[in-house]
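K.L.:
Quick one, input-v2.cif (mmCIF, C-alpha atoms and all ligand atoms):
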```
data_coords
loop_
_atom_site.label_atom_id
_atom_site.label_comp_id
_atom_site.auth_asym_id
_atom_site.auth_seq_id
_atom_site.Cartn_x
_atom_site.Cartn_y
_atom_site.Cartn_z
CA MET A 10 0.00 0.00 0.00
CA ASP A 11 1.01 3.59 -0.55
CA ALA A 12 2.23 5.21 2.63
CA ASP A 13 1.83 8.77 1.31
CA ILE A 14 -1.88 8.62 0.50
CA PRO A 15 -4.54 8.37 3.22
CA ASP A 16 -6.68 5.20 3.29
CA ALA A 17 -9.95 7.13 3.37
CA ARG A 18 -11.02 8.70 0.07
CA PRO A 19 -14.35 9.97 -1.21
CA ALA A 20 -16.47 7.21 -2.74
CA ALA A 21 -15.91 6.80 -6.46
CA THR A 22 -18.05 8.78 -8.87
CA GLY A 23 -18.74 7.10 -12.21
CA ARG A 24 -16.37 4.45 -13.46
CA VAL A 25 -12.94 3.90 -11.87
CA TRP A 26 -10.01 4.16 -14.29
CA LEU A 27 -6.42 3.07 -13.68
CA ILE A 28 -4.05 4.58 -16.24
CA THR A 29 -0.29 4.09 -16.69
CA GLY A 30 2.02 6.73 -18.11
CA ALA A 31 -0.51 9.47 -17.40
CA SER A 32 2.07 12.26 -17.17
CA SER A 33 1.80 13.22 -20.85
CA GLY A 34 0.45 12.38 -24.29
CA PHE A 35 -2.30 9.79 -24.66
CA GLY A 36 -2.27 8.84 -20.97
CA ARG A 37 -2.85 12.42 -19.94
CA SER A 38 -5.56 12.97 -22.58
CA ILE A 39 -7.39 9.78 -21.60
CA ALA A 40 -7.26 10.79 -17.92
CA GLU A 41 -8.67 14.23 -18.75
CA ALA A 42 -11.41 12.74 -20.96
CA ALA A 43 -12.45 10.28 -18.25
CA LEU A 44 -12.57 13.08 -15.66
CA ALA A 45 -14.56 15.28 -18.06
CA ALA A 46 -17.02 12.38 -18.40
CA GLY A 47 -17.52 12.46 -14.61
CA ASP A 48 -15.47 9.36 -13.83
CA THR A 49 -12.83 8.70 -11.17
CA VAL A 50 -9.18 8.32 -12.23
CA VAL A 51 -6.17 6.76 -10.57
CA ALA A 52 -3.44 8.29 -12.70
CA THR A 53 -0.01 6.71 -12.43
CA ALA A 54 3.35 8.05 -13.53
CA ARG A 55 7.04 7.58 -12.87
CA ARG A 56 7.07 11.15 -11.55
CA PRO A 57 3.66 11.68 -9.90
CA GLU A 58 4.41 15.40 -9.42
CA ALA A 59 3.84 15.70 -13.18
CA LEU A 60 0.17 15.04 -12.34
CA ASP A 61 -0.17 17.84 -9.76
CA ALA A 62 -2.27 20.13 -12.00
CA LEU A 63 -4.59 17.28 -13.04
CA ILE A 64 -5.17 16.27 -9.42
CA ALA A 65 -5.62 19.89 -8.28
CA ALA A 66 -8.33 20.37 -10.92
CA HIS A 67 -10.25 17.29 -9.75
CA PRO A 68 -9.28 16.66 -6.10
CA ASP A 69 -12.36 14.51 -5.39
CA ARG A 70 -12.10 12.28 -8.43
CA ALA A 71 -8.41 12.03 -9.30
CA VAL A 72 -5.49 10.59 -7.43
CA ALA A 73 -1.86 10.26 -8.51
CA LEU A 74 0.28 7.26 -7.72
CA GLN A 75 3.95 6.65 -8.47
CA LEU A 76 4.40 3.71 -10.84
CA ASP A 77 7.26 2.70 -13.05
CA VAL A 78 5.44 -0.10 -14.85
CA THR A 79 8.59 -2.18 -15.12
CA ASP A 80 8.48 -2.50 -11.33
CA THR A 81 6.02 -5.36 -11.43
CA ALA A 82 5.97 -5.78 -7.64
CA ARG A 83 4.69 -2.19 -7.34
CA ILE A 84 1.85 -2.96 -9.78
CA ALA A 85 0.19 -5.17 -7.16
CA ASP A 86 0.36 -2.32 -4.60
CA VAL A 87 -1.22 0.17 -7.01
CA VAL A 88 -4.08 -2.20 -7.81
CA ALA A 89 -4.55 -3.00 -4.10
CA ASP A 90 -4.68 0.73 -3.24
CA THR A 91 -7.23 1.40 -5.98
CA VAL A 92 -9.50 -1.39 -4.82
CA LEU A 93 -9.07 -0.39 -1.17
CA TRP A 94 -10.16 3.20 -1.93
CA TYR A 95 -12.86 2.63 -4.52
CA GLY A 96 -13.84 -1.03 -4.23
CA ARG A 97 -13.56 -1.60 -7.98
CA ILE A 98 -11.62 -1.01 -11.18
CA ASP A 99 -13.70 -0.49 -14.31
CA VAL A 100 -11.13 0.48 -16.94
CA VAL A 101 -7.41 -0.21 -16.97
CA VAL A 102 -5.29 1.55 -19.60
CA ASN A 103 -1.88 0.08 -20.39
CA ASN A 104 -0.45 3.19 -21.97
CA ALA A 105 3.14 3.70 -20.73
CA GLY A 106 5.62 3.28 -23.53
CA LEU A 107 8.35 4.72 -25.68
CA GLY A 108 9.94 4.28 -29.08
CA LEU A 109 13.20 2.75 -30.22
CA ILE A 110 14.59 3.28 -33.71
CA GLY A 111 17.20 0.95 -35.11
CA ALA A 112 17.84 -1.99 -37.40
CA VAL A 113 17.27 -5.44 -35.95
CA GLU A 114 20.98 -6.25 -36.21
CA GLU A 115 21.82 -3.07 -34.29
CA THR A 116 19.43 -3.79 -31.44
CA THR A 117 21.11 -5.29 -28.39
CA ASP A 118 19.61 -8.01 -26.29
CA ARG A 119 19.27 -5.47 -23.44
CA GLU A 120 17.39 -2.98 -25.64
CA LEU A 121 15.06 -5.69 -26.88
CA ARG A 122 14.38 -7.04 -23.38
CA ASP A 123 13.81 -3.53 -21.98
CA LEU A 124 11.15 -2.85 -24.62
CA MET A 125 9.51 -6.21 -23.96
CA ASP A 126 9.48 -5.41 -20.23
CA LEU A 127 7.81 -2.06 -20.91
CA HIS A 128 5.31 -2.96 -23.64
CA PHE A 129 4.61 -6.63 -22.91
CA PHE A 130 5.52 -7.95 -19.46
CA ALA A 131 4.30 -4.82 -17.63
CA PRO A 132 0.85 -4.76 -19.29
CA ALA A 133 0.58 -8.52 -18.76
CA ALA A 134 1.33 -8.07 -15.05
CA LEU A 135 -1.19 -5.26 -14.69
CA VAL A 136 -3.86 -7.29 -16.48
CA ARG A 137 -3.19 -10.27 -14.18
CA ALA A 138 -3.53 -8.00 -11.16
CA VAL A 139 -6.84 -6.36 -12.19
CA LEU A 140 -8.65 -9.36 -13.67
CA PRO A 141 -9.67 -11.00 -10.36
CA HIS A 142 -11.44 -7.74 -9.45
CA MET A 143 -13.08 -7.33 -12.88
CA ARG A 144 -14.22 -10.97 -12.85
CA ARG A 145 -15.70 -10.47 -9.38
CA GLN A 146 -17.52 -7.36 -10.70
CA GLY A 147 -18.61 -9.24 -13.83
CA SER A 148 -17.56 -6.19 -15.88
CA GLY A 149 -14.57 -4.13 -16.92
CA ALA A 150 -12.47 -2.99 -19.85
CA VAL A 151 -8.80 -3.37 -20.70
CA VAL A 152 -7.37 -0.77 -23.06
CA GLN A 153 -4.04 -1.72 -24.60
CA MET A 154 -2.19 1.17 -26.21
CA SER A 155 -0.48 -0.63 -29.04
CA SER A 156 0.42 1.11 -32.29
CA MET A 157 0.00 0.95 -36.02
CA GLY A 158 3.41 -0.71 -35.55
CA GLY A 159 1.67 -3.45 -33.57
CA ARG A 160 -0.23 -4.50 -36.70
CA LEU A 161 2.49 -4.08 -39.34
CA SER A 162 6.14 -3.14 -39.42
CA PHE A 163 8.79 -1.46 -41.51
CA ALA A 164 12.55 -0.96 -41.49
CA GLY A 165 13.88 0.65 -38.32
CA VAL A 166 11.11 -0.28 -35.91
CA GLY A 167 11.53 -4.04 -35.58
CA ALA A 168 12.07 -4.12 -31.81
CA TYR A 169 9.25 -1.66 -31.14
CA SER A 170 6.92 -3.64 -33.38
CA ALA A 171 7.96 -6.93 -31.80
CA SER A 172 6.93 -5.65 -28.38
CA LYS A 173 3.59 -4.28 -29.65
CA PHE A 174 2.87 -7.41 -31.75
CA ALA A 175 3.46 -9.42 -28.57
CA LEU A 176 1.00 -7.23 -26.69
CA GLU A 177 -1.58 -7.63 -29.47
CA GLY A 178 -1.22 -11.42 -29.60
CA LEU A 179 -1.69 -11.69 -25.85
CA SER A 180 -4.64 -9.30 -25.98
CA GLU A 181 -6.47 -11.12 -28.77
CA ALA A 182 -6.43 -14.33 -26.73
CA LEU A 183 -7.28 -12.39 -23.58
CA ALA A 184 -10.36 -10.90 -25.25
CA ALA A 185 -11.74 -14.36 -25.98
CA GLU A 186 -11.03 -15.52 -22.42
CA VAL A 187 -12.59 -12.61 -20.56
CA ALA A 188 -15.61 -11.87 -22.78
CA PRO A 189 -17.72 -14.48 -20.93
CA HIS A 190 -16.92 -12.56 -17.72
CA GLY A 191 -18.32 -9.32 -19.13
CA ILE A 192 -14.86 -7.81 -19.72
CA LYS A 193 -13.94 -5.98 -22.95
CA VAL A 194 -10.48 -5.68 -24.49
CA LEU A 195 -9.72 -2.75 -26.80
CA ILE A 196 -6.39 -2.67 -28.65
CA VAL A 197 -5.64 0.88 -29.82
CA GLU A 198 -3.37 1.33 -32.85
CA PRO A 199 -2.40 4.99 -33.27
CA GLY A 200 -0.45 6.34 -36.18
CA SER A 201 1.55 9.52 -35.73
CA PHE A 202 0.18 11.65 -32.86
CA ARG A 203 1.38 14.91 -31.35
CA THR A 204 2.52 13.67 -27.92
CA GLY A 205 5.89 13.53 -26.20
CA PHE A 206 6.69 10.31 -28.11
CA ALA A 207 8.99 11.72 -30.81
CA GLY A 208 10.65 14.49 -28.83
CA GLY A 209 12.18 15.49 -25.53
CA GLY A 210 14.58 12.57 -25.46
CA ALA A 211 11.75 10.00 -25.15
CA LEU A 212 12.71 8.32 -28.43
CA ARG A 213 15.65 5.95 -28.13
CA HIS A 214 18.17 5.04 -30.81
CA THR A 215 20.41 2.02 -31.34
CA THR A 216 24.06 2.43 -32.25
CA ALA A 217 23.92 2.74 -36.04
CA ILE A 218 25.65 0.33 -38.42
CA PRO A 219 26.42 2.14 -41.73
CA ALA A 220 25.09 -0.80 -43.78
CA TYR A 221 21.56 0.20 -42.71
CA GLU A 222 21.82 3.83 -43.72
CA GLU A 223 19.63 3.35 -46.79
CA THR A 224 16.80 1.46 -45.09
CA VAL A 225 16.84 2.77 -41.51
CA GLY A 226 18.60 6.12 -41.98
CA PRO A 227 15.47 7.99 -43.15
CA VAL A 228 13.48 6.77 -40.13
CA ARG A 229 16.23 7.97 -37.77
CA THR A 230 15.68 11.52 -38.95
CA GLN A 231 12.02 11.55 -40.02
CA LEU A 232 10.52 10.31 -36.75
CA PRO A 233 12.27 12.86 -34.48
CA GLY A 234 11.71 15.47 -37.21
CA SER A 235 7.94 14.92 -36.97
CA ASP A 236 7.87 16.15 -33.35
CA GLY A 237 5.23 18.83 -32.91
CA LYS A 238 3.97 18.41 -36.48
CA GLN A 239 2.18 15.04 -36.25
CA GLU A 240 -1.37 15.14 -37.62
CA GLY A 241 -2.92 13.18 -34.75
CA ASP A 242 -4.54 15.00 -31.81
CA PRO A 243 -4.31 12.95 -28.58
CA ASP A 244 -7.46 14.59 -27.17
CA ARG A 245 -9.43 13.38 -30.19
CA ALA A 246 -7.85 9.96 -29.77
CA ALA A 247 -9.04 9.90 -26.17
CA ALA A 248 -12.57 10.82 -27.29
CA ALA A 249 -12.49 8.01 -29.86
CA ILE A 250 -11.35 5.53 -27.19
CA LEU A 251 -14.13 6.53 -24.78
CA GLY A 252 -16.62 6.28 -27.65
CA ALA A 253 -15.39 2.80 -28.64
CA LEU A 254 -15.64 1.61 -25.03
CA ALA A 255 -19.20 2.93 -24.80
CA ALA A 256 -20.29 1.24 -28.04
CA ASP A 257 -22.50 -1.86 -27.88
CA THR A 258 -19.89 -3.68 -29.94
CA THR A 259 -16.47 -2.44 -28.91
CA PRO A 260 -13.91 -3.34 -31.60
CA LEU A 261 -10.99 -5.58 -30.66
CA ARG A 262 -8.65 -3.32 -32.64
CA LEU A 263 -9.05 0.39 -33.33
CA PRO A 264 -6.52 2.09 -35.63
CA LEU A 265 -6.40 5.84 -34.94
CA GLY A 266 -5.45 8.50 -37.48
CA GLY A 267 -5.73 8.60 -41.25
CA ASP A 268 -2.14 7.35 -41.57
CA ALA A 269 -2.81 4.29 -39.38
CA THR A 270 -6.09 3.55 -41.15
CA ASP A 271 -4.44 3.69 -44.60
CA ALA A 272 -1.48 1.59 -43.48
CA VAL A 273 -3.60 -1.08 -41.76
CA LEU A 274 -5.96 -1.38 -44.74
CA ALA A 275 -3.02 -1.63 -47.17
CA SER A 276 -1.37 -4.24 -44.97
CA LEU A 277 -4.57 -6.31 -44.75
CA ASP A 278 -5.00 -6.15 -48.54
CA ALA A 279 -1.39 -7.17 -49.16
CA SER A 280 -1.60 -9.95 -46.59
CA ARG A 281 -4.80 -11.31 -48.15
CA ALA A 282 -3.37 -11.10 -51.68
CA GLU A 283 -0.21 -12.97 -50.61
CA THR A 284 -2.19 -15.67 -48.82
CA VAL A 285 -4.44 -16.16 -51.86
CA ALA A 286 -1.43 -16.21 -54.25
CA TRP A 287 0.16 -19.01 -52.21
CA GLU A 288 -3.08 -20.74 -51.23
CA LYS A 289 -2.45 -23.89 -53.32
CA VAL A 290 0.98 -24.37 -51.76
CA SER A 291 -0.40 -23.69 -48.28
CA ARG A 292 -3.12 -26.31 -48.78
CA SER A 293 -0.76 -28.88 -50.35
CA THR A 294 1.03 -29.83 -47.14
CA GLY A 295 -1.45 -32.31 -45.62
CA PHE A 296 -1.23 -36.12 -45.70
CA ASP A 297 -3.21 -37.78 -48.52
CA ASP A 298 -5.21 -40.04 -46.16
P1 LIG B 301 4.50 10.29 -24.39
O1 LIG B 301 5.99 10.27 -24.44
O2 LIG B 301 3.80 11.60 -24.40
O3 LIG B 301 3.97 9.45 -23.15
C1 LIG B 301 4.58 8.25 -22.78
C2 LIG B 301 4.25 8.02 -21.35
O4 LIG B 301 4.80 6.75 -20.95
C3 LIG B 301 4.88 9.08 -20.44
O5 LIG B 301 3.91 9.39 -19.45
C4 LIG B 301 6.07 8.35 -19.84
O6 LIG B 301 6.39 8.80 -18.55
C5 LIG B 301 5.48 6.96 -19.75
N1 LIG B 301 6.49 5.94 -19.49
C6 LIG B 301 7.57 5.59 -20.21
N2 LIG B 301 8.23 4.60 -19.58
C7 LIG B 301 7.56 4.34 -18.45
C8 LIG B 301 7.74 3.43 -17.38
N3 LIG B 301 8.77 2.57 -17.34
N4 LIG B 301 6.83 3.42 -16.37
C9 LIG B 301 5.79 4.28 -16.37
N5 LIG B 301 5.58 5.19 -17.34
C10 LIG B 301 6.46 5.20 -18.37
O7 LIG B 301 4.04 9.41 -25.67
P2 LIG B 301 2.62 8.82 -26.07
O8 LIG B 301 1.53 9.42 -25.28
O9 LIG B 301 2.54 8.92 -27.53
O10 LIG B 301 2.81 7.28 -25.69
C11 LIG B 301 1.80 6.53 -25.05
C12 LIG B 301 1.64 5.20 -25.76
O11 LIG B 301 1.22 5.43 -27.10
C13 LIG B 301 2.92 4.38 -25.84
O12 LIG B 301 2.63 3.04 -25.47
C14 LIG B 301 3.32 4.48 -27.30
O13 LIG B 301 4.00 3.33 -27.73
C15 LIG B 301 1.96 4.59 -27.97
N6 LIG B 301 1.97 5.16 -29.31
C16 LIG B 301 2.27 6.48 -29.56
C17 LIG B 301 2.25 6.97 -30.86
C18 LIG B 301 2.48 8.40 -31.17
O14 LIG B 301 2.65 8.75 -32.34
N7 LIG B 301 2.50 9.30 -30.23
C19 LIG B 301 1.94 6.10 -31.99
C20 LIG B 301 1.64 4.75 -31.64
C21 LIG B 301 1.65 4.32 -30.35
P3 LIG B 301 7.58 9.85 -18.22
O15 LIG B 301 6.89 11.19 -18.23
O16 LIG B 301 8.04 9.42 -16.87
O17 LIG B 301 8.63 9.67 -19.26
#
```
Show me, as structure tokens, the structure contained in the file I just sent.

P.N.:
Amino acid sequence: MDADIPDARPAATGRVWLITGASSGFGRSIAEAALAAGDTVVATARRPEALDALIAAHPDRAVALQLDVTDTARIADVVADTVLWYGRIDVVVNNAGLGLIGAVEETTDRELRDLMDLHFFAPAALVRAVLPHMRRQGSGAVVQMSSMGGRLSFAGVGAYSASKFALEGLSEALAAEVAPHGIKVLIVEPGSFRTGFAGGGALRHTTAIPAYEETVGPVRTQLPGSDGKQEGDPDRAAAAILGALAADTTPLRLPLGGDATDAVLASLDASRAETVAWEKVSRSTGFDD
């Protein structure tokens, strides 16, 4: 339990949200949208002081907790505190994340494992911690902030995509497992959005090997160069996420942004065309009996 926060809190108003990486970008926008909708938010961040203004604006319905999501032992404490205060968790948002640019050959084992810790093992741990409460409630929603790069990939983002593909694979199975318990899973796949993602030192880089200059070089400059100019508005993304959660049929996957929508549709078309082109070979591998 958190020693700094008193045990007694006002009863929850509306739904209870638990959001990771709420200090900026999507996490912050989702927290603000949930509060604007009249809900209660447990906003978590590595530096909870970054949430001071949010909490000050909604002292009865928002609380900040320190959480580095890679500290999986701390995840259990945060979930326990939330349930102690509010008795339930309605929506959990696995949002914390960052980008890594580099060729696969350049990416060290450490870099790969760190991204998997952040984008895969941490969300898995948080889901494990909240599900007993959601199953007891017979309701709940898990929002997984993936990426367009969790549905398809391109040169320079292999490690990032690997971690988001892993999250999506886990989440697709999870959705089938928890649907009978009244729990929804929403995988969000943003394209390029104007958050802290591409700037302020958040974006990491591998040590470049010159052989990859042609394929990965452009990404090394274009992604940081997009900072502040991305077409996607995180507040509109948050509104779309709340709308999808409120829909009778919440989608399993929701691309966000025109760029993500175009890329996902093109990838699906190409994937279908390739499968059809090789269908005879694919079907030819069974025994004759
Ligand atoms: P921001 O950089 O604005 O926000 C990232 C958030 O994650 C920050 O609050 C950051 O906290 C937090 N974070 C990073 N590491 C940890 C950690 N170990 N523990 C807890 N919090 C952590 O970028 P976005 O809002 O864009 O990123 C949110 C999610 O959206 C990520 O999962 C990202 O992969 C995904 N995404 C973003 C896209 C975009 O174009 N913006 C596109 C596709 C997906 P701190 O302030 O401490 O650094």

K.L.:
Counting only C-alpha atoms, what is within 10 Å of segment 37-50 of chain A, bar same-chain residues fewer than 4 positions away, as a ChimeraX atom specification?

P.N.:
/A:20-33,54,60,63-64,66-67,69-73,91,95,98-102,104,204,242-251

K.L.:
Mind dumping the selected residues with C-alpha atoms as a CSV table (one decimal), keeping the file's coordinate frame?

P.N.:
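Final output, saved to result-v2.csv:
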```
chain,number,residue,atom,x,y,z
A,20,ALA,CA,-16.5,7.2,-2.7
A,21,ALA,CA,-15.9,6.8,-6.5
A,22,THR,CA,-18.0,8.8,-8.9
A,23,GLY,CA,-18.7,7.1,-12.2
A,24,ARG,CA,-16.4,4.4,-13.5
A,25,VAL,CA,-12.9,3.9,-11.9
A,26,TRP,CA,-10.0,4.2,-14.3
A,27,LEU,CA,-6.4,3.1,-13.7
A,28,ILE,CA,-4.0,4.6,-16.2
A,29,THR,CA,-0.3,4.1,-16.7
A,30,GLY,CA,2.0,6.7,-18.1
A,31,ALA,CA,-0.5,9.5,-17.4
A,32,SER,CA,2.1,12.3,-17.2
A,33,SER,CA,1.8,13.2,-20.8
A,54,ALA,CA,3.4,8.0,-13.5
A,60,LEU,CA,0.2,15.0,-12.3
A,63,LEU,CA,-4.6,17.3,-13.0
A,64,ILE,CA,-5.2,16.3,-9.4
A,66,ALA,CA,-8.3,20.4,-10.9
A,67,HIS,CA,-10.2,17.3,-9.8
A,69,ASP,CA,-12.4,14.5,-5.4
A,70,ARG,CA,-12.1,12.3,-8.4
A,71,ALA,CA,-8.4,12.0,-9.3
A,72,VAL,CA,-5.5,10.6,-7.4
A,73,ALA,CA,-1.9,10.3,-8.5
A,91,THR,CA,-7.2,1.4,-6.0
A,95,TYR,CA,-12.9,2.6,-4.5
A,98,ILE,CA,-11.6,-1.0,-11.2
A,99,ASP,CA,-13.7,-0.5,-14.3
A,100,VAL,CA,-11.1,0.5,-16.9
A,101,VAL,CA,-7.4,-0.2,-17.0
A,102,VAL,CA,-5.3,1.6,-19.6
A,104,ASN,CA,-0.4,3.2,-22.0
A,204,THR,CA,2.5,13.7,-27.9
A,242,ASP,CA,-4.5,15.0,-31.8
A,243,PRO,CA,-4.3,13.0,-28.6
A,244,ASP,CA,-7.5,14.6,-27.2
A,245,ARG,CA,-9.4,13.4,-30.2
A,246,ALA,CA,-7.8,10.0,-29.8
A,247,ALA,CA,-9.0,9.9,-26.2
A,248,ALA,CA,-12.6,10.8,-27.3
A,249,ALA,CA,-12.5,8.0,-29.9
A,250,ILE,CA,-11.4,5.5,-27.2
A,251,LEU,CA,-14.1,6.5,-24.8
```

K.L.:
Work out how far atom CA of Pro233 of chain A is from atom CA of Arg122 of chain A, in Å to one decimal.

P.N.:
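Calculated distance between atom CA of Arg122 of chain A and atom CA of Pro233 of chain A is 22.9 Å.
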
K.L.:
Would you mind telling me which residue in A:Leu254, A:Leu140, A:Ala89, A:Ala131 lies nearest to ligand LIG 301 (chain B) when using all atoms listed in the file?

P.N.:
A:Ala131

K.L.:
Near Glu114 of chain A, counting all atoms listed in the file, which residues have an atom at most 12 Å away, once you skip same-chain residues fewer than 2 positions from it, shown as a ChimeraX atom specification?

P.N.:
/A:110-112,116-118,120-121,164-168,215-221,225

K.L.:
Throw together the list of residues within 7 Å of ligand LIG 301 (chain B), counting only C-alpha atoms and all ligand atoms, and drop it here as a ChimeraX atom specification.

P.N.:
/A:29-36,54-56,76-79,104-108,127-128,154-158,198-207,211

K.L.:
When you draw a straight line from atom CA of Ile196 of chain A to atom CA of Ala134 of chain A, how long is it in Å?

P.N.:
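Atom CA of Ala134 of chain A lies at a distance of 16.5 Å from atom CA of Ile196 of chain A.
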
K.L.:
Name all residues at most 9 Å from Ser162 of chain A (count all atoms listed in the file; drop same-chain ones fewer than 6 positions away) and give them as a PyMOL selection string.

P.N.:
chain A and resi 169-171

K.L.:
Report, in Å to a single decimal, how far apart atom CA of Gly241 of chain A and atom CA of Ala272 of chain A are.

P.N.:
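Separation of atom CA of Ala272 of chain A and atom CA of Gly241 of chain A: 14.6 Å.
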
K.L.:
If you count only C-alpha atoms, which residues fall within 9 Å of Ala253 of chain A, apart from same-chain ones fewer than 5 positions away, as a ChimeraX atom specification?

P.N.:
/A:195,248,258-260,263
